[in-house]
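I have placed the structure first, in the form of structure tokens, so that the comments after it can refer back to it.
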Amino acid sequence: MSNILPSELAQKMYYHMARIRRFEDKVITLVDDNEIAGVCHEYSGQEAVAVGICSALSASDIVTSTHRGHGHTLAKGGDVGRMFAELLARTTGYNQGRGGSMHIADVGLGIFGANGIVGAGAPIACGAAHKFKAAGENRVAVSFFGDGAINQGVVHEAMNLAAIWKLPVIFICENNQYAISTPLREVTILEPHVRARAYGMPGVAVDGMDVEAVYHAAITAVERARSGNGPTFIECLTYRYFGHYTGERHMKMTYRTQEELESWKLKDPIKSWTARIVESGLCSLKDIQAIDAEIETEIQRGVDFARSGPLPVSAEALDCMYAVPYPNTPAWGIES
Ligand SMILES: Cc1ncc(C[n+]2csc(CCOP(=O)(O)OP(=O)(O)O)c2C)c(N)n1
Ligand SMILES: [Mg+2]
């Protein structure tokens, strides 16, 4: 692909992708060391998708995320320290230690939440986009979801609504080709972006390992949304480098072959981007090393911040779990 990105953006994209990869590597260590209870869904391998899309957004645009949400949150500007603190169940975390990986949100940064329910972010993005349109705000909502979500009814309802109301939404299908261990090809006849066209919106496919290709597709979709022409569906073909979740490394799963994994590692989005921007003079190897050092410091500081935060006390375990009801609205199932 031709090189038309300014050097600052090219380096920023490297920073964001490398930061996500390093964050996930640290998460794996913290899970192994039992500092993170439970499991996380690693984003490693898919960095070009979150970074390519979020690089085309403004700070006031919003994203809805998935169970594999660390990459989206980081690419939209999420704070490493508050993310680690949440994963380590500290009150200094994004959800005050009550939510964990699949609930991380920062509404102020336009991160409308990771979500453990497959496909659930799509209607939330439509709701936000509807508000933007009704209020005359020039903002865009992005819904990230996996290939597994493409057979969820709620995603199709969201696509139909977005198309008929010309909502400023962008549907991003991160096709890493598997839903847990189910290959997409065994459960879906048409490619996801082809299906989207049936709803009357552009359905495009891009190389999800190429941050620049993703970025250009996102720019086109953002322009279309901002100019009032409605939604776009972008399918990003990608691959996850680890299992469905951290626990899978300790299981003998055979749904993917070693050869397949190795072939996708040759397309590593960070390595290929590094090579491209160094060869084209957008960045020197020294710049890359400086960015890596900056990330290392940020990760270490983030972990230190997380470890130093207090754990919630059990008497307050249910605090912050439920929204405060509107006045005079009786809580369901509770006698007043
Ligand atoms: C509505 C719903 N059904 C099933 C599940 C169980 N589940 C969790 S992740 C997952 C697979 C999702 O695959 P995909 O959408 O491709 O995302 P990926 O894990 O590949 O990022 C499933 C079936 C769920 N969380 N929510
Ligand atoms: Mg998938």
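In the structure tokens, chains take the letters A, B, ... in the order shown, each chain's residues start at 1, and ligands count up from 1 in the order shown.
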Quiz prompt | Protein and nucleic residues near ligand 2, 10 Å, only C-alpha atoms and all ligand atoms, as a PyMOL selection string | solution = chain A and resi 68+145-150+173-184+237-240+244
Quiz item: If we count only C-alpha atoms, what is near region 248-250 of chain A at a cut-off of 12 Å, once residues fewer than 2 positions away on the same chain are taken out, given as a list in words?
Solution: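 Final neighbour list, sorted by chain and number: Ile28, Val31, Asp32, Val39, Cys40, His41, Glu42, Ile180, Ser181, Tyr241, Phe242, Gly243, His244, Tyr245, Thr246, Lys252, Met253, Thr254 and Tyr255 of chain A.
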Can you write out the residues you just picked, keeping all heavy atoms, as a short mmCIF file (atom, residue, chain, number, x, y, z; two decimals), in the first residue's frame?
data_model
loop_
_atom_site.label_atom_id
_atom_site.label_comp_id
_atom_site.auth_asym_id
_atom_site.auth_seq_id
_atom_site.Cartn_x
_atom_site.Cartn_y
_atom_site.Cartn_z
N ILE A 28 -1.16 -11.57 30.89
CA ILE A 28 -0.95 -13.03 30.95
C ILE A 28 -0.08 -13.38 32.16
O ILE A 28 -0.37 -14.32 32.90
CB ILE A 28 -0.32 -13.52 29.62
CG1 ILE A 28 -1.34 -13.36 28.49
CG2 ILE A 28 0.13 -14.97 29.74
CD1 ILE A 28 -0.76 -13.52 27.10
N VAL A 31 -2.12 -13.03 35.33
CA VAL A 31 -3.07 -14.14 35.49
C VAL A 31 -2.31 -15.37 36.00
O VAL A 31 -2.72 -16.03 36.95
CB VAL A 31 -3.80 -14.45 34.16
CG1 VAL A 31 -4.57 -15.77 34.26
CG2 VAL A 31 -4.76 -13.32 33.79
N ASP A 32 -1.16 -15.65 35.36
CA ASP A 32 -0.36 -16.81 35.76
C ASP A 32 0.09 -16.70 37.22
O ASP A 32 0.18 -17.70 37.93
CB ASP A 32 0.88 -16.95 34.87
CG ASP A 32 0.53 -17.55 33.52
OD1 ASP A 32 -0.61 -18.01 33.36
OD2 ASP A 32 1.39 -17.53 32.62
N VAL A 39 -10.31 -14.92 34.32
CA VAL A 39 -9.69 -15.01 33.00
C VAL A 39 -9.81 -13.69 32.24
O VAL A 39 -10.61 -12.84 32.59
CB VAL A 39 -10.35 -16.12 32.15
CG1 VAL A 39 -10.23 -17.47 32.82
CG2 VAL A 39 -11.81 -15.78 31.85
N CYS A 40 -8.98 -13.56 31.21
CA CYS A 40 -9.09 -12.41 30.30
C CYS A 40 -9.03 -12.94 28.87
O CYS A 40 -8.46 -14.00 28.62
CB CYS A 40 -7.92 -11.45 30.50
SG CYS A 40 -7.95 -10.62 32.10
N HIS A 41 -9.61 -12.19 27.96
CA HIS A 41 -9.59 -12.55 26.53
C HIS A 41 -8.55 -11.65 25.85
O HIS A 41 -8.79 -10.46 25.68
CB HIS A 41 -10.96 -12.34 25.91
CG HIS A 41 -12.05 -13.12 26.60
ND1 HIS A 41 -12.65 -12.69 27.76
CD2 HIS A 41 -12.63 -14.29 26.28
CE1 HIS A 41 -13.56 -13.58 28.12
NE2 HIS A 41 -13.57 -14.56 27.25
N GLU A 42 -7.43 -12.23 25.49
CA GLU A 42 -6.32 -11.43 24.95
C GLU A 42 -6.64 -10.92 23.54
O GLU A 42 -7.18 -11.65 22.72
CB GLU A 42 -5.03 -12.25 24.89
CG GLU A 42 -4.64 -12.92 26.18
CD GLU A 42 -5.00 -14.41 26.19
OE1 GLU A 42 -6.14 -14.76 25.83
OE2 GLU A 42 -4.14 -15.21 26.57
N ILE A 180 -14.99 -18.86 19.93
CA ILE A 180 -14.37 -19.88 20.80
C ILE A 180 -13.68 -20.88 19.87
O ILE A 180 -12.70 -20.52 19.25
CB ILE A 180 -15.38 -20.50 21.78
CG1 ILE A 180 -16.13 -19.38 22.56
CG2 ILE A 180 -14.66 -21.44 22.76
CD1 ILE A 180 -17.09 -19.86 23.63
N SER A 181 -14.23 -22.08 19.69
CA SER A 181 -13.57 -23.05 18.81
C SER A 181 -14.36 -23.31 17.53
O SER A 181 -14.01 -24.20 16.76
CB SER A 181 -13.37 -24.37 19.57
OG SER A 181 -14.61 -24.82 20.07
N TYR A 241 -3.68 -14.36 18.46
CA TYR A 241 -2.46 -15.14 18.63
C TYR A 241 -2.52 -16.08 19.82
O TYR A 241 -1.70 -16.99 19.94
CB TYR A 241 -1.25 -14.21 18.75
CG TYR A 241 -0.85 -13.60 17.41
CD1 TYR A 241 -0.02 -12.49 17.34
CD2 TYR A 241 -1.31 -14.15 16.21
CE1 TYR A 241 0.35 -11.95 16.12
CE2 TYR A 241 -0.95 -13.62 14.99
CZ TYR A 241 -0.12 -12.52 14.95
OH TYR A 241 0.25 -11.99 13.73
N PHE A 242 -3.47 -15.86 20.72
CA PHE A 242 -3.62 -16.78 21.84
C PHE A 242 -4.98 -17.47 21.72
O PHE A 242 -5.68 -17.30 20.73
CB PHE A 242 -3.49 -16.02 23.17
CG PHE A 242 -2.12 -15.46 23.38
CD1 PHE A 242 -1.87 -14.11 23.22
CD2 PHE A 242 -1.06 -16.30 23.72
CE1 PHE A 242 -0.60 -13.59 23.39
CE2 PHE A 242 0.22 -15.79 23.90
CZ PHE A 242 0.46 -14.43 23.73
N GLY A 243 -5.33 -18.22 22.74
CA GLY A 243 -6.60 -18.94 22.70
C GLY A 243 -7.77 -17.99 22.89
O GLY A 243 -7.61 -16.77 22.93
N HIS A 244 -8.94 -18.56 23.02
CA HIS A 244 -10.12 -17.73 23.22
C HIS A 244 -9.97 -16.88 24.48
O HIS A 244 -10.38 -15.73 24.51
CB HIS A 244 -11.36 -18.62 23.33
CG HIS A 244 -12.59 -17.86 23.69
ND1 HIS A 244 -13.14 -16.91 22.86
CD2 HIS A 244 -13.35 -17.86 24.83
CE1 HIS A 244 -14.20 -16.36 23.46
NE2 HIS A 244 -14.34 -16.92 24.64
N TYR A 245 -9.35 -17.46 25.50
CA TYR A 245 -9.12 -16.75 26.75
C TYR A 245 -7.86 -17.30 27.40
O TYR A 245 -7.30 -18.31 26.94
CB TYR A 245 -10.33 -16.85 27.66
CG TYR A 245 -10.54 -18.22 28.25
CD1 TYR A 245 -10.47 -18.43 29.63
CD2 TYR A 245 -10.81 -19.32 27.45
CE1 TYR A 245 -10.66 -19.68 30.18
CE2 TYR A 245 -11.00 -20.58 27.99
CZ TYR A 245 -10.92 -20.75 29.35
OH TYR A 245 -11.09 -22.00 29.89
N THR A 246 -7.40 -16.62 28.46
CA THR A 246 -6.11 -16.98 29.06
C THR A 246 -6.04 -18.46 29.48
O THR A 246 -4.98 -19.07 29.41
CB THR A 246 -5.80 -16.08 30.27
OG1 THR A 246 -6.99 -15.92 31.04
CG2 THR A 246 -5.27 -14.74 29.85
N LYS A 252 -5.50 -28.59 25.93
CA LYS A 252 -5.05 -29.13 24.64
C LYS A 252 -6.19 -28.97 23.65
O LYS A 252 -7.04 -29.83 23.52
CB LYS A 252 -4.68 -30.60 24.80
CG LYS A 252 -3.30 -30.85 25.30
CD LYS A 252 -2.81 -32.24 24.89
CE LYS A 252 -1.31 -32.43 25.00
NZ LYS A 252 -0.68 -31.90 26.19
N MET A 253 -6.21 -27.83 22.96
CA MET A 253 -7.27 -27.57 21.98
C MET A 253 -6.71 -27.84 20.58
O MET A 253 -5.57 -27.52 20.29
CB MET A 253 -7.74 -26.13 22.07
CG MET A 253 -8.30 -25.74 23.43
SD MET A 253 -9.84 -26.57 23.83
CE MET A 253 -11.02 -25.53 22.99
N THR A 254 -7.54 -28.42 19.74
CA THR A 254 -7.05 -28.83 18.41
C THR A 254 -7.80 -28.15 17.26
O THR A 254 -7.67 -28.54 16.12
CB THR A 254 -7.20 -30.35 18.25
OG1 THR A 254 -8.56 -30.69 18.53
CG2 THR A 254 -6.28 -31.11 19.17
N TYR A 255 -8.60 -27.13 17.61
CA TYR A 255 -9.41 -26.52 16.55
C TYR A 255 -8.58 -25.66 15.59
O TYR A 255 -9.03 -25.36 14.49
CB TYR A 255 -10.57 -25.71 17.15
CG TYR A 255 -10.17 -24.49 17.93
CD1 TYR A 255 -10.08 -23.24 17.33
CD2 TYR A 255 -9.86 -24.58 19.29
CE1 TYR A 255 -9.69 -22.12 18.05
CE2 TYR A 255 -9.48 -23.47 20.02
CZ TYR A 255 -9.39 -22.25 19.40
OH TYR A 255 -9.00 -21.15 20.11
#
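When only C-alpha atoms are used to measure the gap to Ser227 (chain A), the shortest distance among A:Ala50, A:Ile291, A:Ile277, A:Val140 belongs to A:Val140.
If you count only C-alpha atoms and ignore residues fewer than 2 places along the chain from Lys166 (chain A), what sits within 12 Å of it is Cys126, Ala129, His130, Phe132, Lys133, Ala134, Val140, Ala158, Met159, Asn160, Leu161, Ala162, Ala163, Ile164, Pro168, Val169, Ile170, Tyr199, Gly200, Met201, Arg224, Ala225, Arg226, Ser227, Gly228, Asn229, Gly230, Pro231 and Thr232 of chain A.
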Using the selection just defined, write its residues with N, CA, C and O atoms as an mmCIF file, in the first residue's frame.
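Once everything was written out, this is result.cif:
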data_model
loop_
_atom_site.group_PDB
_atom_site.id
_atom_site.type_symbol
_atom_site.label_atom_id
_atom_site.label_comp_id
_atom_site.auth_asym_id
_atom_site.auth_seq_id
_atom_site.Cartn_x
_atom_site.Cartn_y
_atom_site.Cartn_z
ATOM 1 N N CYS A 126 -26.100 2.032 18.457
ATOM 2 C CA CYS A 126 -27.221 2.659 17.725
ATOM 3 C C CYS A 126 -27.939 3.664 18.621
ATOM 4 O O CYS A 126 -28.346 4.738 18.154
ATOM 5 N N ALA A 129 -25.843 6.724 18.742
ATOM 6 C CA ALA A 129 -25.882 7.405 17.442
ATOM 7 C C ALA A 129 -27.223 8.111 17.235
ATOM 8 O O ALA A 129 -27.291 9.201 16.666
ATOM 9 N N HIS A 130 -28.282 7.485 17.715
ATOM 10 C CA HIS A 130 -29.613 8.098 17.592
ATOM 11 C C HIS A 130 -29.657 9.407 18.362
ATOM 12 O O HIS A 130 -30.181 10.424 17.901
ATOM 13 N N PHE A 132 -27.025 11.273 19.071
ATOM 14 C CA PHE A 132 -26.167 12.237 18.369
ATOM 15 C C PHE A 132 -26.951 12.896 17.232
ATOM 16 O O PHE A 132 -26.886 14.102 17.022
ATOM 17 N N LYS A 133 -27.695 12.050 16.514
ATOM 18 C CA LYS A 133 -28.436 12.570 15.359
ATOM 19 C C LYS A 133 -29.574 13.496 15.817
ATOM 20 O O LYS A 133 -29.743 14.598 15.285
ATOM 21 N N ALA A 134 -30.306 13.039 16.823
ATOM 22 C CA ALA A 134 -31.448 13.832 17.299
ATOM 23 C C ALA A 134 -30.995 15.171 17.864
ATOM 24 O O ALA A 134 -31.680 16.186 17.715
ATOM 25 N N VAL A 140 -19.896 10.245 16.019
ATOM 26 C CA VAL A 140 -20.032 8.928 15.398
ATOM 27 C C VAL A 140 -19.925 7.852 16.486
ATOM 28 O O VAL A 140 -19.183 8.016 17.451
ATOM 29 N N ALA A 158 -29.952 -4.194 14.925
ATOM 30 C CA ALA A 158 -29.201 -2.926 15.004
ATOM 31 C C ALA A 158 -28.836 -2.436 13.603
ATOM 32 O O ALA A 158 -28.976 -1.249 13.291
ATOM 33 N N MET A 159 -28.391 -3.355 12.739
ATOM 34 C CA MET A 159 -28.013 -2.954 11.373
ATOM 35 C C MET A 159 -29.223 -2.407 10.618
ATOM 36 O O MET A 159 -29.134 -1.397 9.909
ATOM 37 N N ASN A 160 -30.347 -3.068 10.775
ATOM 38 C CA ASN A 160 -31.557 -2.615 10.075
ATOM 39 C C ASN A 160 -31.971 -1.223 10.539
ATOM 40 O O ASN A 160 -32.261 -0.336 9.738
ATOM 41 N N LEU A 161 -31.966 -1.046 11.860
ATOM 42 C CA LEU A 161 -32.366 0.249 12.433
ATOM 43 C C LEU A 161 -31.407 1.357 11.997
ATOM 44 O O LEU A 161 -31.824 2.451 11.601
ATOM 45 N N ALA A 162 -30.123 1.052 12.045
ATOM 46 C CA ALA A 162 -29.110 2.050 11.666
ATOM 47 C C ALA A 162 -29.283 2.463 10.211
ATOM 48 O O ALA A 162 -29.132 3.640 9.863
ATOM 49 N N ALA A 163 -29.624 1.487 9.365
ATOM 50 C CA ALA A 163 -29.760 1.793 7.932
ATOM 51 C C ALA A 163 -31.027 2.612 7.672
ATOM 52 O O ALA A 163 -30.986 3.616 6.969
ATOM 53 N N ILE A 164 -32.138 2.200 8.274
ATOM 54 C CA ILE A 164 -33.399 2.870 7.974
ATOM 55 C C ILE A 164 -33.424 4.290 8.543
ATOM 56 O O ILE A 164 -34.009 5.196 7.950
ATOM 57 N N PRO A 168 -25.416 7.585 12.421
ATOM 58 C CA PRO A 168 -23.956 7.678 12.264
ATOM 59 C C PRO A 168 -23.232 6.563 13.035
ATOM 60 O O PRO A 168 -22.563 6.809 14.039
ATOM 61 N N VAL A 169 -23.402 5.340 12.546
ATOM 62 C CA VAL A 169 -22.811 4.174 13.207
ATOM 63 C C VAL A 169 -21.853 3.482 12.243
ATOM 64 O O VAL A 169 -22.097 3.438 11.039
ATOM 65 N N ILE A 170 -20.804 2.920 12.797
ATOM 66 C CA ILE A 170 -19.912 2.071 12.001
ATOM 67 C C ILE A 170 -19.831 0.711 12.697
ATOM 68 O O ILE A 170 -19.492 0.631 13.878
ATOM 69 N N TYR A 199 -28.743 -4.950 4.030
ATOM 70 C CA TYR A 199 -29.459 -3.958 4.847
ATOM 71 C C TYR A 199 -29.388 -2.565 4.228
ATOM 72 O O TYR A 199 -29.912 -1.614 4.793
ATOM 73 N N GLY A 200 -28.718 -2.461 3.090
ATOM 74 C CA GLY A 200 -28.673 -1.164 2.415
ATOM 75 C C GLY A 200 -27.578 -0.267 2.936
ATOM 76 O O GLY A 200 -27.745 0.945 3.009
ATOM 77 N N MET A 201 -26.460 -0.855 3.293
ATOM 78 C CA MET A 201 -25.299 -0.043 3.708
ATOM 79 C C MET A 201 -24.061 -0.606 3.012
ATOM 80 O O MET A 201 -24.049 -1.788 2.645
ATOM 81 N N ARG A 224 -18.746 9.357 5.829
ATOM 82 C CA ARG A 224 -20.116 9.029 5.420
ATOM 83 C C ARG A 224 -21.077 9.248 6.596
ATOM 84 O O ARG A 224 -22.137 9.848 6.460
ATOM 85 N N ALA A 225 -20.665 8.796 7.767
ATOM 86 C CA ALA A 225 -21.525 8.940 8.952
ATOM 87 C C ALA A 225 -21.710 10.415 9.309
ATOM 88 O O ALA A 225 -22.824 10.874 9.561
ATOM 89 N N ARG A 226 -20.609 11.168 9.306
ATOM 90 C CA ARG A 226 -20.690 12.584 9.707
ATOM 91 C C ARG A 226 -21.500 13.412 8.706
ATOM 92 O O ARG A 226 -22.096 14.407 9.069
ATOM 93 N N SER A 227 -21.513 12.973 7.465
ATOM 94 C CA SER A 227 -22.250 13.771 6.486
ATOM 95 C C SER A 227 -23.714 13.348 6.385
ATOM 96 O O SER A 227 -24.439 13.771 5.476
ATOM 97 N N GLY A 228 -24.147 12.504 7.299
ATOM 98 C CA GLY A 228 -25.569 12.179 7.383
ATOM 99 C C GLY A 228 -26.022 11.053 6.460
ATOM 100 O O GLY A 228 -27.217 10.834 6.267
ATOM 101 N N ASN A 229 -25.055 10.320 5.901
ATOM 102 C CA ASN A 229 -25.423 9.262 4.952
ATOM 103 C C ASN A 229 -25.577 7.881 5.578
ATOM 104 O O ASN A 229 -25.823 6.903 4.866
ATOM 105 N N GLY A 230 -25.397 7.797 6.874
ATOM 106 C CA GLY A 230 -25.706 6.557 7.560
ATOM 107 C C GLY A 230 -24.542 5.614 7.785
ATOM 108 O O GLY A 230 -23.375 5.998 7.678
ATOM 109 N N PRO A 231 -24.889 4.369 8.100
ATOM 110 C CA PRO A 231 -23.892 3.413 8.595
ATOM 111 C C PRO A 231 -23.034 2.775 7.505
ATOM 112 O O PRO A 231 -23.384 2.790 6.331
ATOM 113 N N THR A 232 -21.933 2.202 7.961
ATOM 114 C CA THR A 232 -21.043 1.374 7.123
ATOM 115 C C THR A 232 -20.679 0.142 7.939
ATOM 116 O O THR A 232 -20.598 0.217 9.172
#
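Between ligand 1 and the residues A:Val155, A:Leu5, A:Ala56, A:Ala218, the shortest atom-to-atom distance, using only C-alpha atoms and all ligand atoms, involves A:Val155.
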Quiz prompt | DSSP-assigned strand (DSSP E or B) members of region 60-221 of chain A, reported as a VMD selection string | solution = chain A and resid 62 to 64 106 111 141 to 146 169 to 175 178 to 179 182 to 183 203 to 207
Practice problem: Name the residues in contact with region 97-102 of chain A at a cut-off of 7 Å, using only C-alpha atoms, excluding same-chain residues fewer than 2 positions from it; report them as number ranges by chain. | Solution: A: 40, 67, 69, 86-87, 89-91, 93, 95, 104, 114-116, 312
Exercise. Based on DSSP run over this structure's backbone, return all residues of region 31-82 of chain A in helix (DSSP H, G or I), as a VMD selection string.
Key: chain A and resid 31 to 32 47 to 54 70 to 75 80 to 82
Suppose we keep N, CA and C atoms; can you now write the selection as a JSON list (two decimals), in the first residue's frame?
[["chain", "number", "residue", "atom", "x", "y", "z"],
["A", 31, "VAL", "N", -2.12, -13.03, 35.33],
["A", 31, "VAL", "CA", -3.07, -14.14, 35.49],
["A", 31, "VAL", "C", -2.31, -15.37, 36.00],
["A", 32, "ASP", "N", -1.16, -15.65, 35.36],
["A", 32, "ASP", "CA", -0.36, -16.81, 35.76],
["A", 32, "ASP", "C", 0.09, -16.70, 37.22],
["A", 47, "GLU", "N", -4.37, -6.06, 16.95],
["A", 47, "GLU", "CA", -4.13, -4.65, 17.30],
["A", 47, "GLU", "C", -4.43, -3.67, 16.18],
["A", 48, "ALA", "N", -4.17, -4.09, 14.93],
["A", 48, "ALA", "CA", -4.35, -3.15, 13.80],
["A", 48, "ALA", "C", -5.82, -2.74, 13.65],
["A", 49, "VAL", "N", -6.73, -3.57, 14.12],
["A", 49, "VAL", "CA", -8.16, -3.25, 13.97],
["A", 49, "VAL", "C", -8.52, -2.09, 14.91],
["A", 50, "ALA", "N", -8.31, -2.29, 16.20],
["A", 50, "ALA", "CA", -8.67, -1.25, 17.17],
["A", 50, "ALA", "C", -7.94, 0.06, 16.86],
["A", 51, "VAL", "N", -6.65, -0.05, 16.53],
["A", 51, "VAL", "CA", -5.85, 1.16, 16.33],
["A", 51, "VAL", "C", -6.20, 1.84, 15.01],
["A", 52, "GLY", "N", -6.40, 1.07, 13.96],
["A", 52, "GLY", "CA", -6.78, 1.65, 12.67],
["A", 52, "GLY", "C", -8.10, 2.39, 12.77],
["A", 53, "ILE", "N", -9.06, 1.79, 13.46],
["A", 53, "ILE", "CA", -10.38, 2.42, 13.59],
["A", 53, "ILE", "C", -10.30, 3.65, 14.50],
["A", 54, "CYS", "N", -9.74, 3.48, 15.68],
["A", 54, "CYS", "CA", -9.75, 4.58, 16.66],
["A", 54, "CYS", "C", -8.90, 5.76, 16.18],
["A", 70, "HIS", "N", -9.77, -5.11, 25.79],
["A", 70, "HIS", "CA", -8.63, -4.28, 26.22],
["A", 70, "HIS", "C", -8.09, -3.42, 25.09],
["A", 71, "GLY", "N", -8.02, -4.00, 23.89],
["A", 71, "GLY", "CA", -7.45, -3.27, 22.75],
["A", 71, "GLY", "C", -8.28, -2.06, 22.39],
["A", 72, "HIS", "N", -9.60, -2.21, 22.39],
["A", 72, "HIS", "CA", -10.46, -1.07, 22.03],
["A", 72, "HIS", "C", -10.31, 0.05, 23.07],
["A", 73, "THR", "N", -10.30, -0.34, 24.33],
["A", 73, "THR", "CA", -10.21, 0.64, 25.41],
["A", 73, "THR", "C", -8.89, 1.41, 25.33],
["A", 74, "LEU", "N", -7.79, 0.66, 25.14],
["A", 74, "LEU", "CA", -6.49, 1.32, 25.06],
["A", 74, "LEU", "C", -6.40, 2.22, 23.83],
["A", 75, "ALA", "N", -6.90, 1.74, 22.70],
["A", 75, "ALA", "CA", -6.80, 2.53, 21.47],
["A", 75, "ALA", "C", -7.64, 3.81, 21.55],
["A", 80, "VAL", "N", -3.86, 3.02, 31.36],
["A", 80, "VAL", "CA", -3.27, 1.72, 31.68],
["A", 80, "VAL", "C", -3.39, 1.40, 33.18],
["A", 81, "GLY", "N", -3.10, 2.40, 34.02],
["A", 81, "GLY", "CA", -3.13, 2.18, 35.47],
["A", 81, "GLY", "C", -4.53, 1.80, 35.95],
["A", 82, "ARG", "N", -5.53, 2.54, 35.49],
["A", 82, "ARG", "CA", -6.90, 2.24, 35.94],
["A", 82, "ARG", "C", -7.39, 0.90, 35.38]]
Quiz item: Distance CA of Pro123 (chain A)-CA of Val154 (chain A), one decimal place?
Solution: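 About the pair CA of Pro123 (chain A) and CA of Val154 (chain A): they are 7.0 Å apart.
All residues of protein, DNA or RNA that reach within 12 Å of Glu8 (chain A), judged by only C-alpha atoms and not counting those fewer than 2 positions away in the chain, are Ile4, Leu5, Pro6, Ala10, Gln11, Lys12, Met13, Tyr14, Tyr15, Ser55, Ile277, Gly281, Leu282, Cys283 and Asp287 of chain A.
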Quiz item: Restricting the calculation to only C-alpha atoms, which member of A:Pro269, A:Gly119, A:Gly77, A:Gly45 is positioned closest to Gln152 (chain A)?
Solution: A:Gly119
Exercise. Can you work out which one of A:Tyr43, A:Thr274, A:Tyr215, A:Ser60 has the shortest atom-to-atom distance to Asp292 (chain A), counting only C-alpha atoms?
Key: A:Thr274
Quiz item: Mind pulling up the distance from CA of Pro310 (chain A) to CA of Leu30 (chain A)?
Solution: 17.2 Å
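Between CA of Glu235 (chain A) and CA of Ile172 (chain A) there is a distance of 6.0 Å.
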Quiz item: For Gly302 (chain A), which residue among A:Ala290, A:Val187, A:Ala275, A:Met83 is the nearest when counting only C-alpha atoms?
Solution: A:Met83
